[in-house]
file data32.txt (compact mmCIF, C-alpha atoms)
# COMPACT_ATOMS: atom_id res chain seq x y z
CA THR D 678 63.17 19.41 123.95
CA PRO D 679 64.38 17.01 126.70
CA LEU D 680 67.54 15.01 125.98
CA MET D 681 68.05 16.78 122.68
CA SER D 682 70.29 19.62 121.65
CA ILE D 683 69.60 21.73 118.59
CA ILE D 684 72.57 23.53 117.11
CA PHE D 685 72.18 26.25 114.52
CA ALA D 686 73.81 29.37 113.15
CA SER D 687 72.34 32.84 113.34
CA LEU D 688 73.35 35.03 110.42
CA SER D 689 72.45 38.51 109.31
CA LEU D 690 70.74 38.32 105.95
CA ALA D 691 72.42 41.60 105.08
CA ALA D 692 75.88 40.17 105.60
CA VAL D 693 78.14 39.09 102.80
CA PHE D 694 78.60 35.39 103.44
CA PRO D 695 82.30 34.43 103.34
CA ALA D 696 83.22 31.40 101.26
CA VAL D 697 84.25 29.39 104.31
CA CYS D 698 82.76 26.67 106.48
CA GLU D 699 83.88 24.95 109.65
CA ALA D 700 83.81 21.21 110.19
CA ILE D 701 84.31 19.21 113.34
CA ALA D 702 86.96 16.56 112.77
CA GLY D 703 85.94 12.98 113.44
CA PRO D 704 87.12 10.65 116.20
CA PRO D 705 89.29 10.59 118.19
CA LEU D 706 89.34 14.41 118.40
CA PRO D 707 85.67 15.46 118.37
CA THR D 708 86.44 18.97 119.67
CA GLN D 709 89.07 19.82 117.08
CA THR D 710 87.90 22.50 114.65
CA VAL D 711 89.18 22.64 111.08
CA THR D 712 88.48 25.71 108.98
CA VAL D 713 87.87 24.80 105.35
CA GLY D 714 88.40 27.51 102.76
CA ILE D 715 89.86 30.99 102.63
CA SER D 716 87.52 33.42 104.35
CA GLY D 717 85.92 35.85 101.93
CA VAL D 718 87.53 34.30 98.85
CA ALA D 719 85.26 32.45 96.44
CA GLY D 720 86.59 30.11 93.76
CA ALA D 721 87.03 26.49 92.75
CA VAL D 722 90.26 25.02 94.14
CA ASP D 723 90.63 21.55 95.68
CA GLY D 724 93.33 20.49 98.11
CA ASN D 725 94.03 20.76 101.81
CA PRO D 726 91.59 22.85 103.88
CA ALA D 727 93.90 25.88 104.07
CA ILE D 728 94.05 26.45 100.30
CA VAL D 729 90.54 25.41 99.26
CA LYS D 730 88.39 27.93 97.40
CA MET D 731 84.66 27.37 96.91
CA GLY D 732 81.30 28.99 96.56
CA ASN D 733 79.07 29.70 99.55
CA PRO D 734 78.67 26.42 101.51
CA LEU D 735 74.91 25.95 101.82
CA SER D 736 74.45 22.61 103.59
CA ILE D 737 76.51 19.84 105.18
CA ALA D 738 75.96 16.09 105.47
CA ILE D 739 78.01 13.23 106.93
CA HIS D 740 78.35 10.04 104.90
CA PRO D 741 76.79 7.23 106.99
CA ILE D 742 79.49 4.70 106.14
CA THR D 743 82.74 6.60 105.53
CA SER D 744 82.05 9.53 107.90
CA GLU D 745 83.37 11.87 105.21
CA ILE D 746 81.94 15.39 105.20
CA TYR D 747 79.94 16.49 102.14
CA TRP D 748 78.52 19.90 101.35
CA CYS D 749 76.73 21.75 98.58
CA ALA D 750 78.17 24.97 97.20
CA SER D 751 76.59 27.82 95.31
CA ASN D 752 78.91 27.23 92.35
CA SER D 753 76.93 24.14 91.27
CA VAL D 754 78.96 21.32 92.82
CA VAL D 755 78.88 18.87 95.70
CA ARG D 756 82.21 18.68 97.50
CA LYS D 757 83.61 16.40 100.16
CA MET D 758 86.43 16.28 102.68
CA THR D 759 88.04 12.88 103.13
CA GLN D 760 89.13 11.48 106.48
CA ARG D 761 92.67 12.58 105.58
CA GLY D 762 91.47 16.16 105.21
CA HIS D 763 91.64 16.46 101.43
CA VAL D 764 88.85 18.50 99.87
CA GLN D 765 87.65 17.59 96.38
CA VAL D 766 84.66 17.86 94.06
CA PHE D 767 82.38 14.86 94.42
CA ALA D 768 79.82 15.74 91.75
CA GLY D 769 79.40 18.46 89.16
CA THR D 770 81.82 20.92 87.62
CA PRO D 771 82.51 24.23 89.41
CA LEU D 772 80.95 27.30 87.80
CA ILE D 773 79.24 25.27 85.05
CA THR D 774 75.48 25.55 85.46
CA ASP D 775 73.29 22.98 83.73
CA VAL D 776 71.17 19.89 84.39
CA VAL D 777 72.89 16.79 83.02
CA ASP D 778 72.47 13.26 84.36
CA ALA D 779 75.73 11.28 84.25
CA LEU D 780 78.41 9.90 86.54
CA THR D 781 79.42 12.27 89.37
CA VAL D 782 81.98 14.72 87.91
CA ASP D 783 80.42 14.52 84.45
CA ALA D 784 77.00 15.44 85.83
CA ARG D 785 75.89 19.07 85.90
CA PHE D 786 73.87 20.92 88.51
CA HIS D 787 71.96 24.18 88.50
CA GLY D 788 73.22 25.38 91.85
CA THR D 789 73.19 22.92 94.74
CA SER D 790 71.62 23.29 98.16
CA GLY D 791 70.67 20.35 100.28
CA CYS D 792 72.56 17.08 100.64
CA GLU D 793 71.11 14.10 102.47
CA PHE D 794 72.20 10.46 102.64
CA ASP D 795 70.19 7.34 103.23
CA ALA D 796 71.63 4.53 105.34
CA ALA D 797 73.22 2.87 102.31
CA GLY D 798 75.04 6.03 101.20
CA ASN D 799 72.81 7.12 98.32
CA ALA D 800 72.60 10.92 98.19
CA TYR D 801 69.78 13.37 97.49
CA ILE D 802 70.75 16.80 96.18
CA GLY D 803 68.57 19.90 95.86
CA HIS D 804 68.84 22.83 93.48
CA HIS D 805 68.82 26.39 94.69
CA ALA D 806 68.45 28.06 91.31
CA LEU D 807 66.56 31.34 91.25
CA ASP D 808 65.81 31.50 87.54
CA ALA D 809 63.19 29.80 85.40
CA THR D 810 64.96 26.45 85.00
CA GLY D 811 66.83 23.95 87.13
CA GLN D 812 64.07 23.31 89.68
CA HIS D 813 64.94 19.68 90.41
CA ILE D 814 65.81 17.12 93.05
CA ARG D 815 68.68 14.82 92.05
CA HIS D 816 69.75 11.37 93.21
CA ILE D 817 73.30 10.02 93.37
CA THR D 818 73.71 6.26 93.78
CA THR D 819 76.55 4.65 95.70
CA GLY D 820 78.05 3.87 92.30
CA GLY D 821 78.12 7.57 91.38
CA SER D 822 75.24 7.69 88.91
CA VAL D 823 73.37 11.02 89.01
CA THR D 824 69.71 11.09 87.94
CA THR D 825 66.88 13.63 88.13
CA ILE D 826 64.03 12.20 90.21
CA ALA D 827 61.71 15.16 90.83
CA GLY D 828 60.77 18.49 89.29
CA THR D 829 59.81 19.57 85.80
CA GLY D 830 62.69 22.02 85.82
CA ALA D 831 60.43 25.05 85.36
CA GLN D 832 59.43 27.27 88.25
CA GLY D 833 56.03 26.41 89.66
CA ASP D 834 54.15 25.14 92.68
CA SER D 835 52.50 21.76 92.38
CA VAL D 836 52.53 18.26 93.79
CA ASN D 837 52.13 15.08 91.80
CA GLY D 838 52.12 11.31 92.13
CA ASN D 839 55.00 11.34 89.64
CA GLY D 840 57.84 13.39 91.10
CA LEU D 841 59.05 14.46 87.66
CA LEU D 842 55.74 16.27 87.11
CA ALA D 843 55.89 18.27 90.34
CA ALA D 844 57.04 21.91 90.31
CA PHE D 845 59.11 23.93 92.77
CA ARG D 846 60.90 27.20 93.38
CA ALA D 847 64.24 26.20 94.89
CA PRO D 848 63.74 22.79 96.52
CA CYS D 849 66.47 22.81 99.16
CA ASN D 850 67.75 21.20 102.33
CA PHE D 851 66.39 17.82 103.31
CA ALA D 852 65.52 15.59 106.24
CA LEU D 853 65.04 11.91 105.42
CA VAL D 854 62.61 10.08 107.70
CA GLY D 855 62.18 6.47 106.68
CA THR D 856 61.39 6.56 102.95
CA THR D 857 60.13 10.16 103.03
CA LEU D 858 62.45 12.93 101.92
CA ASN D 859 61.18 16.13 103.53
CA PHE D 860 62.33 19.39 101.94
CA ASN D 861 61.78 23.13 101.80
CA ASP D 862 60.17 24.63 98.70
CA ARG D 863 61.90 27.86 99.64
CA TYR D 864 60.45 30.54 97.40
CA ASN D 865 56.98 29.03 97.46
CA HIS D 866 57.18 29.32 101.28
CA LYS D 867 56.08 25.72 101.76
CA ILE D 868 57.26 22.42 103.18
CA LYS D 869 56.90 19.39 100.94
CA ALA D 870 57.80 15.71 100.96
CA MET D 871 58.92 13.22 98.34
CA SER D 872 58.72 9.46 98.50
CA THR D 873 62.08 7.83 97.82
CA THR D 874 60.33 4.78 96.39
CA GLY D 875 58.26 4.10 93.26
CA THR D 876 57.55 7.19 91.16
CA ASN D 877 58.88 9.59 93.82
CA ALA D 878 55.46 11.10 94.57
CA VAL D 879 55.60 14.68 95.92
CA THR D 880 53.07 15.83 98.53
CA LEU D 881 52.42 19.01 100.53
CA THR D 882 53.26 18.89 104.24
CA SER D 883 52.60 22.50 105.27
CA GLY D 884 51.63 25.43 103.06
CA THR D 885 51.07 28.47 105.27
CA GLY D 886 52.97 30.50 107.84
CA TRP D 887 56.47 30.08 106.40
CA SER D 888 59.01 32.76 105.49
CA MET D 889 61.54 31.41 102.98
CA PRO D 890 62.22 28.19 104.94
CA PHE D 891 65.81 27.07 104.49
CA SER D 892 67.49 24.71 106.94
CA MET D 893 65.84 21.51 108.12
CA ALA D 894 66.61 18.64 110.49
CA ALA D 895 64.66 15.73 111.97
CA ASP D 896 64.94 14.30 115.47
CA SER D 897 64.96 10.58 116.24
CA SER D 898 61.15 10.53 116.44
CA GLY D 899 60.68 12.12 113.02
CA ASN D 900 59.69 15.61 114.17
CA LEU D 901 60.95 18.28 111.77
CA PHE D 902 62.73 21.46 112.83
CA ILE D 903 62.91 24.17 110.16
CA SER D 904 64.32 27.68 110.02
CA SER D 905 61.75 30.24 108.91
CA GLY D 906 62.96 33.82 108.95
CA SER D 907 64.09 34.47 112.52
CA ARG D 908 62.23 31.52 113.99
CA LEU D 909 62.90 27.83 114.42
CA LYS D 910 59.62 26.02 113.80
CA LYS D 911 58.59 22.45 114.47
CA ILE D 912 56.32 20.11 112.52
CA ALA D 913 55.12 17.31 114.79
CA VAL D 914 55.37 13.81 113.42
CA GLY D 915 51.98 12.25 112.67
CA THR D 916 49.75 15.27 113.26
CA LEU D 917 51.87 17.69 111.16
CA THR D 918 51.01 20.43 113.68
CA VAL D 919 53.27 23.47 113.21
CA THR D 920 54.53 25.41 116.22
CA THR D 921 57.26 27.96 116.89
CA HIS D 922 59.98 26.15 118.82
CA VAL D 923 62.15 29.20 119.50
CA GLY D 924 62.53 32.77 118.24
CA SER D 925 60.22 35.62 117.29
CA ALA D 926 58.92 36.84 113.95
CA GLY D 927 60.65 39.98 112.70
CA ALA D 928 63.44 39.84 115.28
CA SER D 929 66.65 41.60 114.30
CA ALA D 930 68.90 40.85 117.27
CA SER D 931 70.63 37.81 118.74
CA ILE D 932 69.52 37.55 122.36
CA ASP D 933 70.06 34.50 124.57
CA GLY D 934 67.34 33.26 126.86
CA ALA D 935 64.48 30.82 127.21
CA ALA D 936 62.69 29.58 124.11
CA GLY D 937 59.98 32.21 124.47
CA THR D 938 62.36 35.16 124.82
CA ALA D 939 65.44 34.29 122.75
CA THR D 940 65.74 36.06 119.40
CA PHE D 941 67.83 35.52 116.28
CA HIS D 942 69.06 37.59 113.39
CA GLY D 943 68.19 35.05 110.73
CA LEU D 944 68.72 31.31 111.02
CA HIS D 945 70.93 29.25 108.76
CA GLY D 946 72.00 25.71 109.60
CA ILE D 947 70.42 23.23 112.03
CA ALA D 948 71.83 20.02 113.55
CA ILE D 949 70.28 17.77 116.18
CA ASP D 950 72.37 15.41 118.31
call {"tool": "encode", "arguments": {"input": "data32.txt", "output": "structure tokens"}}
result
Amino acid sequence: TPLMSIIFASLSLAAVFPAVCEAIAGPPLPTQTVTVGISGVAGAVDGNPAIVKMGNPLSIAIHPITSEIYWCASNSVVRKMTQRGHVQVFAGTPLITDVVDALTVDARFHGTSGCEFDAAGNAYIGHHALDATGQHIRHITTGGSVTTIAGTGAQGDSVNGNGLLAAFRAPCNFALVGTTLNFNDRYNHKIKAMSTTGTNAVTLTSGTGWSMPFSMAADSSGNLFISSGSRLKKIAVGTLTVTTHVGSAGASASIDGAAGTATFHGLHGIAID
């Protein structure tokens, strides 16, 4: 796409993901890389980046006002790294799996995957639970209040004018375009959208041709780019036409090249500058 760079990670699905993520430090050193966490060591320890232990980092978001880095972890928390480099739990309690609405650290999550901020700093958090409960989308206000805004909790596949009556199988990873929160309904192999206003109505955006969609990002025009197996696919704003942007179905190698010839060994993580 002209004047746009898409950055993503290519991971083998057979690999054991280390409990580590890398974050680019903010200004004035945009090229400095800070490794957060001890590679291959899972746990729940806050502190400076070198001693932090956490679950698998599943998504990253930048706070629009503070520029702090937030991410979801598989051990049911949302964590953040302050501008001073301190890593701490922002919401939830590590290793405690539940669905409880409350203020940040008193709230409980059933796995977390997907963190997105609106311009005011309100956060939307997805659940990546694989069992029969915990299928929700959560909202965290700037004051730290956590509420459930979509999903019955039970596994299912439905849309509804009332978000709390919709059903999912792992709603994860978001792209907010205006007042529409786009997200992957991963194990239903669909792309859905939720209104961030009113009753948080949930609608279907695309329901065929997806293979466990995971990462998602939107460009400045509102086009969506979504990882689907070994392909990066695009949903055009307005028409909702789905095309393969780069990659090939069933590819098992990482080969550089033009969009039509490049291949990936799984895609995990997308960012658009």
call {"tool": "residues_near_point", "arguments": {"input": "data32.txt", "point": "(72.9, 17.7, 98.0)", "cutoff": "7 Å", "atoms": "only C-alpha atoms", "output": "list in words"}}
result
Trp748, Cys749, Val755, Thr789, Ser790, Gly791, Cys792, Glu793, Ala800, Tyr801, Ile802 and Gly803 of chain D
call {"tool": "closest_residue", "arguments": {"input": "data32.txt", "among": "D:Ala928, D:Ala750, D:Ile814, D:Ile949", "to": "Ser898 of chain D", "atoms": "only C-alpha atoms"}}
result
D:Ile949
call {"tool": "atom_distance", "arguments": {"input": "data32.txt", "atom1": "atom CA of Asn733 of chain D", "atom2": "atom CA of Ala719 of chain D"}}
result
7.5 Å
call {"tool": "residues_around", "arguments": {"input": "data32.txt", "residues": "Val914 of chain D", "least_positions_apart": "3", "cutoff": "7 Å", "atoms": "all atoms listed in the file", "output": "VMD selection string"}}
result
chain D and resid 899 to 900 917
call {"tool": "residues_near_point", "arguments": {"input": "data32.txt", "point": "(93.5, 13.5, 104.7)", "cutoff": "12 Å", "atoms": "only C-alpha atoms", "output": "list of chain:residue names"}}
result
D:Ala702, D:Gly703, D:Val711, D:Gly724, D:Asn725, D:Pro726, D:Glu745, D:Ile746, D:Lys757, D:Met758, D:Thr759, D:Gln760, D:Arg761, D:Gly762, D:His763, D:Val764, D:Gln765
call {"tool": "closest_residue", "arguments": {"input": "data32.txt", "among": "D:Leu944, D:Leu858, D:Met871, D:Ala768", "to": "Met889 of chain D", "atoms": "only C-alpha atoms"}}
result
D:Leu944
call {"tool": "atom_distance", "arguments": {"input": "data32.txt", "atom1": "atom CA of Asn859 of chain D", "atom2": "atom CA of Ala935 of chain D"}}
result
28.1 Å
call {"tool": "closest_residue", "arguments": {"input": "data32.txt", "among": "D:Asp933, D:His813, D:Ile742, D:Met893", "to": "Gly946 of chain D", "atoms": "all atoms listed in the file"}}
result
D:Met893
call {"tool": "axis_aligned_box", "arguments": {"input": "data32.txt", "around": "segment 784-799 of chain D", "padding_each_side": "4 Å", "output": "lines of an AutoDock Vina configuration file"}}
result
center_x = 73.6
center_y = 14.1
center_z = 95.6
size_x = 14.8
size_y = 30.5
size_z = 27.5
call {"tool": "atom_distance", "arguments": {"input": "data32.txt", "atom1": "atom CA of Ala797 of chain D", "atom2": "atom CA of Val713 of chain D"}}
result
26.5 Å
call {"tool": "build_atoms", "arguments": {"input": "data32.txt", "residues": "segment 886-919 of chain D", "atoms": "N, CA and C atoms", "output": "tab-separated table (two decimals), in the frame of the given file"}}
result
chain	number	residue	atom	x	y	z
D	886	GLY	N	52.25	30.06	106.66
D	886	GLY	CA	52.97	30.50	107.84
D	886	GLY	C	54.48	30.40	107.77
D	887	TRP	N	55.02	30.23	106.56
D	887	TRP	CA	56.47	30.08	106.40
D	887	TRP	C	57.07	31.31	105.71
D	888	SER	N	58.29	31.64	106.09
D	888	SER	CA	59.01	32.76	105.49
D	888	SER	C	60.34	32.27	104.94
D	889	MET	N	60.36	31.93	103.66
D	889	MET	CA	61.54	31.41	102.98
D	889	MET	C	62.26	30.34	103.83
D	890	PRO	N	61.59	29.24	104.12
D	890	PRO	CA	62.22	28.19	104.94
D	890	PRO	C	63.51	27.69	104.28
D	891	PHE	N	64.52	27.47	105.09
D	891	PHE	CA	65.81	27.07	104.49
D	891	PHE	C	66.37	25.80	105.12
D	892	SER	N	66.86	25.88	106.34
D	892	SER	CA	67.49	24.71	106.94
D	892	SER	C	66.45	23.79	107.57
D	893	MET	N	66.78	22.50	107.61
D	893	MET	CA	65.84	21.51	108.12
D	893	MET	C	66.61	20.36	108.77
D	894	ALA	N	66.06	19.83	109.85
D	894	ALA	CA	66.61	18.64	110.49
D	894	ALA	C	65.47	17.87	111.15
D	895	ALA	N	65.66	16.57	111.32
D	895	ALA	CA	64.66	15.73	111.97
D	895	ALA	C	65.26	15.11	113.22
D	896	ASP	N	64.45	14.99	114.28
D	896	ASP	CA	64.94	14.30	115.47
D	896	ASP	C	64.68	12.80	115.32
D	897	SER	N	65.04	12.04	116.34
D	897	SER	CA	64.96	10.58	116.24
D	897	SER	C	63.52	10.07	116.16
D	898	SER	N	62.55	10.93	116.53
D	898	SER	CA	61.15	10.53	116.44
D	898	SER	C	60.52	10.88	115.10
D	899	GLY	N	61.21	11.70	114.31
D	899	GLY	CA	60.68	12.12	113.02
D	899	GLY	C	60.06	13.50	113.02
D	900	ASN	N	60.12	14.22	114.16
D	900	ASN	CA	59.69	15.61	114.17
D	900	ASN	C	60.65	16.45	113.35
D	901	LEU	N	60.12	17.42	112.62
D	901	LEU	CA	60.95	18.28	111.77
D	901	LEU	C	61.17	19.63	112.44
D	902	PHE	N	62.39	20.14	112.33
D	902	PHE	CA	62.73	21.46	112.83
D	902	PHE	C	63.26	22.26	111.64
D	903	ILE	N	62.66	23.43	111.40
D	903	ILE	CA	62.91	24.17	110.16
D	903	ILE	C	63.11	25.64	110.46
D	904	SER	N	64.13	26.24	109.86
D	904	SER	CA	64.32	27.68	110.02
D	904	SER	C	63.37	28.42	109.09
D	905	SER	N	62.71	29.44	109.66
D	905	SER	CA	61.75	30.24	108.91
D	905	SER	C	61.93	31.68	109.35
D	906	GLY	N	62.64	32.46	108.54
D	906	GLY	CA	62.96	33.82	108.95
D	906	GLY	C	63.81	33.80	110.19
D	907	SER	N	63.35	34.43	111.26
D	907	SER	CA	64.09	34.47	112.52
D	907	SER	C	63.54	33.50	113.55
D	908	ARG	N	62.80	32.51	113.08
D	908	ARG	CA	62.23	31.52	113.99
D	908	ARG	C	62.65	30.11	113.61
D	909	LEU	N	62.74	29.26	114.62
D	909	LEU	CA	62.90	27.83	114.42
D	909	LEU	C	61.55	27.20	114.69
D	910	LYS	N	60.96	26.57	113.67
D	910	LYS	CA	59.62	26.02	113.80
D	910	LYS	C	59.69	24.50	113.80
D	911	LYS	N	58.66	23.91	114.35
D	911	LYS	CA	58.59	22.45	114.47
D	911	LYS	C	57.32	21.94	113.81
D	912	ILE	N	57.48	20.84	113.06
D	912	ILE	CA	56.32	20.11	112.52
D	912	ILE	C	56.28	18.77	113.23
D	913	ALA	N	55.23	18.53	114.00
D	913	ALA	CA	55.12	17.31	114.79
D	913	ALA	C	54.86	16.11	113.90
D	914	VAL	N	55.56	15.03	114.17
D	914	VAL	CA	55.37	13.81	113.42
D	914	VAL	C	53.93	13.31	113.62
D	915	GLY	N	53.34	12.80	112.58
D	915	GLY	CA	51.98	12.25	112.67
D	915	GLY	C	50.91	13.30	112.46
D	916	THR	N	50.81	14.27	113.36
D	916	THR	CA	49.75	15.27	113.26
D	916	THR	C	50.08	16.39	112.28
D	917	LEU	N	51.37	16.60	112.02
D	917	LEU	CA	51.87	17.69	111.16
D	917	LEU	C	51.51	19.07	111.72
D	918	THR	N	51.27	19.15	113.02
D	918	THR	CA	51.01	20.43	113.68
D	918	THR	C	52.27	21.28	113.66
D	919	VAL	N	52.12	22.55	113.29
D	919	VAL	CA	53.27	23.47	113.21
D	919	VAL	C	53.26	24.41	114.40
